[in-house]
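Accompanying notes for the structure given below.
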Amino acid sequence: QRKYPHRIDDNVAIWTEFRELGDRYSCLSLGEGAPGGNPPDFLKDFMIKAIDEGYNQYQRIFGIPEFVNKIADVYGEKLKRQINPMTEIMVTAGANSALNSYIIGLINPREGEEVLVFEPCFPQYQDHIQMAEGVYKAVPLEWKENRWTFDPEVLRKSLNDKTKIFLLNNAHNPTGKLFNREDLQILTDILNEFPHVIVISDDVYEFLTFDDQQSSILFASIGNNFEKTVSIFSGGKLFQATGWKVGWSIAPNEILSKAAIIQCCTTYCINAPAQIAMSRSFDLIETMPYTEGRTFVQNMKKEFQDVRDFFISQFNSISQELPVVPLPSESGYFLMIDITNCKKIIPERYLKSHDFEELKEGQSAVSRNIVYMPDGSVPLDLAFCRWMAVEKGVIMMPASLFYHKESPIRDDKYVRIGICKGLDHSRKAFDRIKGKQ
Ligand code: PMP
Ligand code: GLN
């Protein structure tokens, strides 16, 4: 018996509806976090070379030795300990596949085990928890005094004997929050009171911090946290190659082996030439001057930060016509805007119901986002994003869909803007938002 009444594709619909609207209205996308830039040339060259060298067949399921050895070196330093490359690292088909394997591998569906997350959160978490037949539980992140914050007491009260996993995402999608040392210490202290809880730390945006801040502090690097933590990383993000779908996770073997069982029977081994290319490019992205004296990673940070600053200044400059408030992000692929005051300017048909012409039955390959707020209204952010797509030709993501459909804390006043598309693309998109085309 499934715990949730909704189907798996309820969350999938968030990506597909806006992709389809984007195609139909030739939109410029500020939606899905697919970067506008390319991976570095050396990564592509190493990939071709690896194919020529014969890395074309199945390999060691949990990662080619050359690659896991490299990961152990790089993250051993960050985690301040020796990592065993053969027993404590698992290479996966992107971070998403790691999340899926760990959550399914760790949850016992018969026991009503809970997974606690901060909301809003990356929507796929909901799907993984649902597939594992775990119980999804959320603690709110709220924008207060210029920061996304959480209430430690609410978090403490949400943990209990049934909590199996605490799922942290630092840096955070969709808010761009960077959990600083103080935040992480509070989390560590609270979680120490519940020693049976395993932490999954989704660290895919770890290197992408702004305003000269160091990379995010890995939760597993604090105190004894390593013993109970799975750290998850994405080669797609680090090398700006999201379509390559390579990720890796680091965890004590006792935890990792639970996920390894799932990985064996789902993806089996991972794209071999991409693993070789990434292992040979690791040092280069952080050390070799790539563009204007900056390394590949430094350059990526600068480009994303420039786009973030562009959007903040531009949205502020048109606040009379489009009364949105941009909320500065500290890291990652996105920033949020507060659209509370836009209700009066969104055309009625988007606000009234889900049944507007452009989304009529039969036009969409998959289900639409038929979701309502508890008062029965169409979420404001969903109406805003449909209006932007259909009438302005720009895709953005409604953040209410980053809350569970039945979550008591679901908010519909935020829209997520991608800052990963480059300045030229972002300028063009903003011209459309302003109505200049
Ligand atoms: N975690 C978060 C927070 C993400 O935003 C994403 C999507 N980009 C992923 C995991 C999945 O990463 P990957 O593409 O490596 O599967
Ligand atoms: N993670 C990307 C985002 O948040 C989307 C790709 C995906 O994994 N669904 O936009």
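Note on naming: chains are A, B, ... as they come in the structure tokens, residues start from 1 per chain, ligands start from 1 in the order shown.
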| request: Could the residues that lie within 9 Å of ligand 1, counting only C-alpha atoms and all ligand atoms, be listed as a PyMOL selection string? | output: chain A and resi 32-34+92-99+121-125+169-174+202-205+232-237+241-248+332-333
Can I get the selection written as a CSV table (one decimal), in the first residue's frame, with N, CA and C atoms?
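Printed below is out.csv as written:
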```
chain,number,residue,atom,x,y,z
A,32,GLU,N,15.0,25.3,-15.9
A,32,GLU,CA,15.8,24.1,-15.4
A,32,GLU,C,17.3,24.5,-15.3
A,33,GLY,N,18.0,23.9,-14.4
A,33,GLY,CA,19.4,24.3,-14.1
A,33,GLY,C,20.3,23.6,-15.1
A,34,ALA,N,20.1,23.9,-16.4
A,34,ALA,CA,21.0,23.4,-17.4
A,34,ALA,C,21.9,24.6,-17.9
A,92,THR,N,28.1,7.2,-9.6
A,92,THR,CA,26.7,7.0,-10.0
A,92,THR,C,26.4,7.7,-11.2
A,93,ALA,N,25.2,7.4,-11.7
A,93,ALA,CA,24.7,8.2,-12.9
A,93,ALA,C,24.2,9.5,-12.5
A,94,GLY,N,25.1,10.4,-12.2
A,94,GLY,CA,24.7,11.7,-11.6
A,94,GLY,C,24.3,11.6,-10.1
A,95,ALA,N,24.2,12.8,-9.5
A,95,ALA,CA,23.9,12.8,-8.1
A,95,ALA,C,22.5,12.2,-7.9
A,96,ASN,N,21.6,12.4,-8.8
A,96,ASN,CA,20.3,12.0,-8.7
A,96,ASN,C,20.2,10.5,-8.5
A,97,SER,N,21.0,9.8,-9.2
A,97,SER,CA,20.9,8.3,-9.1
A,97,SER,C,21.5,7.9,-7.7
A,98,ALA,N,22.5,8.7,-7.2
A,98,ALA,CA,23.0,8.4,-5.9
A,98,ALA,C,21.9,8.6,-4.8
A,99,LEU,N,21.2,9.7,-4.9
A,99,LEU,CA,20.1,10.0,-4.0
A,99,LEU,C,19.1,8.8,-4.0
A,121,CYS,N,12.5,22.4,-1.4
A,121,CYS,CA,13.7,21.5,-1.7
A,121,CYS,C,13.6,21.0,-3.1
A,122,PHE,N,14.7,20.5,-3.6
A,122,PHE,CA,14.8,19.9,-5.0
A,122,PHE,C,13.7,18.8,-5.1
A,123,PRO,N,12.7,19.0,-6.0
A,123,PRO,CA,11.5,18.1,-6.0
A,123,PRO,C,11.8,16.7,-6.1
A,124,GLN,N,12.9,16.3,-6.7
A,124,GLN,CA,13.2,14.8,-6.9
A,124,GLN,C,13.3,14.1,-5.6
A,125,TYR,N,13.7,14.9,-4.5
A,125,TYR,CA,13.7,14.2,-3.2
A,125,TYR,C,12.4,13.6,-2.9
A,169,ASN,N,20.9,19.8,1.9
A,169,ASN,CA,21.4,20.3,0.6
A,169,ASN,C,22.1,21.6,0.8
A,170,ASN,N,23.5,21.5,0.7
A,170,ASN,CA,24.3,22.7,0.9
A,170,ASN,C,25.4,22.8,-0.1
A,171,ALA,N,25.4,23.8,-1.0
A,171,ALA,CA,24.5,24.9,-1.1
A,171,ALA,C,23.2,24.5,-1.6
A,172,HIS,N,22.2,25.3,-1.4
A,172,HIS,CA,20.8,24.9,-1.5
A,172,HIS,C,20.1,25.3,-2.7
A,173,ASN,N,19.4,24.3,-3.3
A,173,ASN,CA,18.5,24.5,-4.4
A,173,ASN,C,17.1,24.4,-3.9
A,174,PRO,N,16.2,25.4,-4.0
A,174,PRO,CA,16.2,26.5,-4.9
A,174,PRO,C,16.7,27.9,-4.3
A,202,ASP,N,23.6,16.5,0.3
A,202,ASP,CA,23.6,16.7,-1.1
A,202,ASP,C,24.5,18.0,-1.4
A,203,ASP,N,25.8,17.7,-1.7
A,203,ASP,CA,26.7,18.8,-1.8
A,203,ASP,C,27.1,19.1,-3.3
A,204,VAL,N,26.1,19.0,-4.2
A,204,VAL,CA,26.4,19.1,-5.6
A,204,VAL,C,26.9,20.5,-6.0
A,205,TYR,N,26.4,21.6,-5.2
A,205,TYR,CA,26.9,22.9,-5.6
A,205,TYR,C,28.0,23.4,-4.7
A,232,ILE,N,27.2,13.7,-1.3
A,232,ILE,CA,26.9,13.4,-2.7
A,232,ILE,C,27.4,14.6,-3.6
A,233,PHE,N,28.0,14.3,-4.7
A,233,PHE,CA,28.6,15.3,-5.6
A,233,PHE,C,28.2,15.0,-7.0
A,234,SER,N,28.3,16.1,-7.8
A,234,SER,CA,27.9,15.9,-9.2
A,234,SER,C,29.0,16.4,-10.2
A,235,GLY,N,29.4,15.5,-11.0
A,235,GLY,CA,30.4,15.9,-12.1
A,235,GLY,C,29.8,16.8,-13.1
A,236,GLY,N,28.4,16.6,-13.3
A,236,GLY,CA,27.7,17.5,-14.2
A,236,GLY,C,27.8,18.9,-13.8
A,237,LYS,N,27.7,19.2,-12.5
A,237,LYS,CA,27.8,20.5,-12.0
A,237,LYS,C,29.2,21.0,-12.0
A,241,ALA,N,28.9,19.9,-17.2
A,241,ALA,CA,28.5,18.9,-18.2
A,241,ALA,C,27.3,18.1,-17.7
A,242,THR,N,26.2,18.8,-17.4
A,242,THR,CA,25.1,18.2,-16.7
A,242,THR,C,24.5,17.0,-17.5
A,243,GLY,N,24.7,17.0,-18.9
A,243,GLY,CA,24.2,16.0,-19.7
A,243,GLY,C,25.0,14.7,-19.6
A,244,TRP,N,26.2,14.8,-19.1
A,244,TRP,CA,27.0,13.6,-19.0
A,244,TRP,C,26.6,12.6,-17.9
A,245,LYS,N,25.9,13.2,-16.9
A,245,LYS,CA,25.3,12.4,-15.8
A,245,LYS,C,26.3,11.5,-15.1
A,246,VAL,N,27.3,12.1,-14.5
A,246,VAL,CA,28.2,11.3,-13.7
A,246,VAL,C,28.3,12.0,-12.3
A,247,GLY,N,28.1,11.2,-11.2
A,247,GLY,CA,28.2,11.8,-9.9
A,247,GLY,C,29.0,10.8,-9.0
A,248,TRP,N,29.3,11.2,-7.8
A,248,TRP,CA,29.9,10.3,-6.9
A,248,TRP,C,29.5,10.6,-5.4
A,332,GLY,N,25.4,28.5,-5.9
A,332,GLY,CA,24.6,27.6,-6.8
A,332,GLY,C,24.0,28.2,-8.1
A,333,TYR,N,23.0,27.6,-8.6
A,333,TYR,CA,22.5,27.9,-10.0
A,333,TYR,C,21.4,28.8,-10.0
```
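Residues within 6 Å of segment 208-216 of chain A, counting only C-alpha atoms and excluding same-chain residues fewer than 5 positions away, are Lys301, Glu330, Ser331 and Gly332 of chain A.
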Would you mind exporting the chosen residues as a short mmCIF file (atom, residue, chain, number, x, y, z; two decimals), in the first residue's frame, restricted to N, CA and C atoms?
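Heads up, here's the output in again07.cif:
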```cif
data_model
loop_
_atom_site.label_atom_id
_atom_site.label_comp_id
_atom_site.auth_asym_id
_atom_site.auth_seq_id
_atom_site.Cartn_x
_atom_site.Cartn_y
_atom_site.Cartn_z
N LYS A 301 32.32 30.58 -11.32
CA LYS A 301 31.78 31.34 -10.19
C LYS A 301 31.53 32.80 -10.61
N GLU A 330 23.59 33.09 -2.32
CA GLU A 330 25.01 33.06 -1.92
C GLU A 330 25.78 32.01 -2.70
N SER A 331 25.07 31.21 -3.50
CA SER A 331 25.74 30.07 -4.11
C SER A 331 24.79 29.38 -5.10
N GLY A 332 25.37 28.53 -5.94
CA GLY A 332 24.56 27.63 -6.75
C GLY A 332 24.05 28.22 -8.05
#
```
| field | Polymer residues at most 12 Å from Gln320 of chain A, only C-alpha atoms, same-chain spacing of 4 or more positions, as a list in words | value |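 Non-adjacent residues within range: Gln314, Phe315, Asn316, Val324, Val325, Asn341, Cys342, Ile345 and Lys434 of chain A.
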| task | Determine which residues of segment 193-420 of chain A receive a DSSP assignment of strand (DSSP E), computed from the backbone, and state them as a ChimeraX atom specification. | result | /A:198-202,229-234,247-250,325-327,334-338,394-395,397-398,414-418
Take the residues from that selection and put them in a file with N, CA and C atoms, as a compact mmCIF listing (two decimals), in the first residue's frame.
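Output file out_8.txt follows:
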```
# COMPACT_ATOMS: atom_id res chain seq x y z
N ILE A 198 20.78 8.88 9.94
CA ILE A 198 21.82 8.98 8.92
C ILE A 198 21.61 10.29 8.17
N VAL A 199 22.71 10.97 7.86
CA VAL A 199 22.59 12.24 7.13
C VAL A 199 23.00 12.01 5.68
N ILE A 200 22.15 12.46 4.77
CA ILE A 200 22.59 12.52 3.37
C ILE A 200 22.81 13.99 3.08
N SER A 201 24.05 14.33 2.73
CA SER A 201 24.37 15.72 2.46
C SER A 201 24.57 15.86 0.96
N ASP A 202 23.60 16.51 0.33
CA ASP A 202 23.65 16.72 -1.12
C ASP A 202 24.51 17.96 -1.35
N THR A 229 27.44 10.03 7.72
CA THR A 229 27.05 10.90 6.60
C THR A 229 27.42 10.33 5.24
N VAL A 230 26.49 10.53 4.31
CA VAL A 230 26.74 10.27 2.89
C VAL A 230 26.89 11.64 2.23
N SER A 231 28.02 11.89 1.58
CA SER A 231 28.20 13.16 0.85
C SER A 231 28.05 12.87 -0.63
N ILE A 232 27.22 13.68 -1.29
CA ILE A 232 26.93 13.40 -2.71
C ILE A 232 27.37 14.58 -3.59
N PHE A 233 28.04 14.25 -4.69
CA PHE A 233 28.59 15.28 -5.58
C PHE A 233 28.19 15.00 -7.03
N SER A 234 28.28 16.05 -7.85
CA SER A 234 27.86 15.91 -9.24
C SER A 234 28.96 16.38 -10.19
N GLY A 247 28.12 11.24 -11.23
CA GLY A 247 28.22 11.78 -9.88
C GLY A 247 28.99 10.81 -9.01
N TRP A 248 29.26 11.19 -7.77
CA TRP A 248 29.93 10.27 -6.86
C TRP A 248 29.48 10.56 -5.43
N SER A 249 29.56 9.50 -4.62
CA SER A 249 29.16 9.67 -3.22
C SER A 249 30.27 9.09 -2.36
N ILE A 250 30.40 9.64 -1.16
CA ILE A 250 31.41 9.18 -0.21
C ILE A 250 30.69 8.89 1.10
N VAL A 325 10.61 41.26 -5.86
CA VAL A 325 11.77 41.55 -5.01
C VAL A 325 12.77 40.41 -5.16
N PRO A 326 13.95 40.68 -5.74
CA PRO A 326 14.95 39.61 -5.85
C PRO A 326 15.63 39.35 -4.50
N LEU A 327 15.82 38.09 -4.17
CA LEU A 327 16.47 37.72 -2.91
C LEU A 327 17.86 37.18 -3.24
N PHE A 334 20.87 29.26 -8.80
CA PHE A 334 19.57 29.95 -8.81
C PHE A 334 19.50 31.14 -7.86
N LEU A 335 18.51 32.01 -8.12
CA LEU A 335 18.09 32.96 -7.10
C LEU A 335 16.57 32.97 -7.08
N MET A 336 16.03 33.40 -5.97
CA MET A 336 14.57 33.45 -5.85
C MET A 336 14.10 34.89 -5.95
N ILE A 337 12.92 35.08 -6.53
CA ILE A 337 12.28 36.40 -6.47
C ILE A 337 10.95 36.26 -5.73
N ASP A 338 10.62 37.30 -4.99
CA ASP A 338 9.35 37.30 -4.25
C ASP A 338 8.33 38.02 -5.13
N VAL A 394 9.49 33.60 -21.65
CA VAL A 394 10.60 33.30 -20.74
C VAL A 394 10.14 32.23 -19.73
N ILE A 395 10.98 31.21 -19.56
CA ILE A 395 10.66 30.16 -18.60
C ILE A 395 11.34 30.42 -17.26
N MET A 397 10.88 28.91 -12.89
CA MET A 397 10.26 27.78 -12.16
C MET A 397 9.46 28.25 -10.95
N PRO A 398 8.20 27.80 -10.84
CA PRO A 398 7.38 28.14 -9.67
C PRO A 398 7.87 27.38 -8.44
N TYR A 414 7.19 32.62 -4.25
CA TYR A 414 8.54 32.68 -4.79
C TYR A 414 8.63 32.03 -6.17
N VAL A 415 9.48 32.62 -7.00
CA VAL A 415 9.77 32.04 -8.31
C VAL A 415 11.28 31.89 -8.40
N ARG A 416 11.72 30.73 -8.94
CA ARG A 416 13.15 30.46 -9.04
C ARG A 416 13.67 30.87 -10.41
N ILE A 417 14.78 31.63 -10.40
CA ILE A 417 15.40 32.11 -11.65
C ILE A 417 16.77 31.44 -11.79
N GLY A 418 17.04 30.85 -12.93
CA GLY A 418 18.35 30.24 -13.18
C GLY A 418 19.37 31.33 -13.47
```
| request: Can you list, as a list in words, all residues belonging to segment 175-210 of chain A that DSSP tags as helix (DSSP H, G or I)? | output: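 DSSP-assigned helix (DSSP H, G or I) residues in segment 175-210 of chain A: Arg181, Glu182, Asp183, Leu184, Gln185, Ile186, Leu187, Thr188, Asp189, Ile190, Leu191 and Asn192 of chain A.
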Can you tell me, as a PDB file with C-alpha atoms, in the first residue's frame, what residues are no more than 10 Å from Trp387 of chain A when counting only C-alpha atoms, ignoring any on the same chain fewer than 2 positions away?
```
ATOM      1  CA  ILE A 346      -1.116  38.660 -13.594  1.00  0.00           C
ATOM      2  CA  PRO A 347      -3.919  38.237 -16.148  1.00  0.00           C
ATOM      3  CA  GLU A 348      -7.036  36.729 -14.589  1.00  0.00           C
ATOM      4  CA  ARG A 349      -7.120  33.601 -16.764  1.00  0.00           C
ATOM      5  CA  TYR A 350      -3.869  32.270 -15.281  1.00  0.00           C
ATOM      6  CA  LEU A 351      -5.065  32.892 -11.740  1.00  0.00           C
ATOM      7  CA  ASP A 381       3.868  31.458  -8.642  1.00  0.00           C
ATOM      8  CA  LEU A 382       2.520  28.857 -11.085  1.00  0.00           C
ATOM      9  CA  ALA A 383       0.171  31.457 -12.580  1.00  0.00           C
ATOM     10  CA  PHE A 384       3.068  33.940 -12.783  1.00  0.00           C
ATOM     11  CA  CYS A 385       5.353  31.432 -14.557  1.00  0.00           C
ATOM     12  CA  ALA A 389       6.053  31.626 -20.613  1.00  0.00           C
ATOM     13  CA  VAL A 390       2.969  32.232 -22.750  1.00  0.00           C
ATOM     14  CA  GLU A 391       3.059  36.033 -23.004  1.00  0.00           C
ATOM     15  CA  LYS A 392       6.713  37.001 -22.459  1.00  0.00           C
ATOM     16  CA  GLY A 393       8.491  33.936 -23.834  1.00  0.00           C
ATOM     17  CA  VAL A 394      10.602  33.296 -20.736  1.00  0.00           C
ATOM     18  CA  ILE A 395      10.656  30.162 -18.602  1.00  0.00           C
TER      19      ILE A 395
END
```
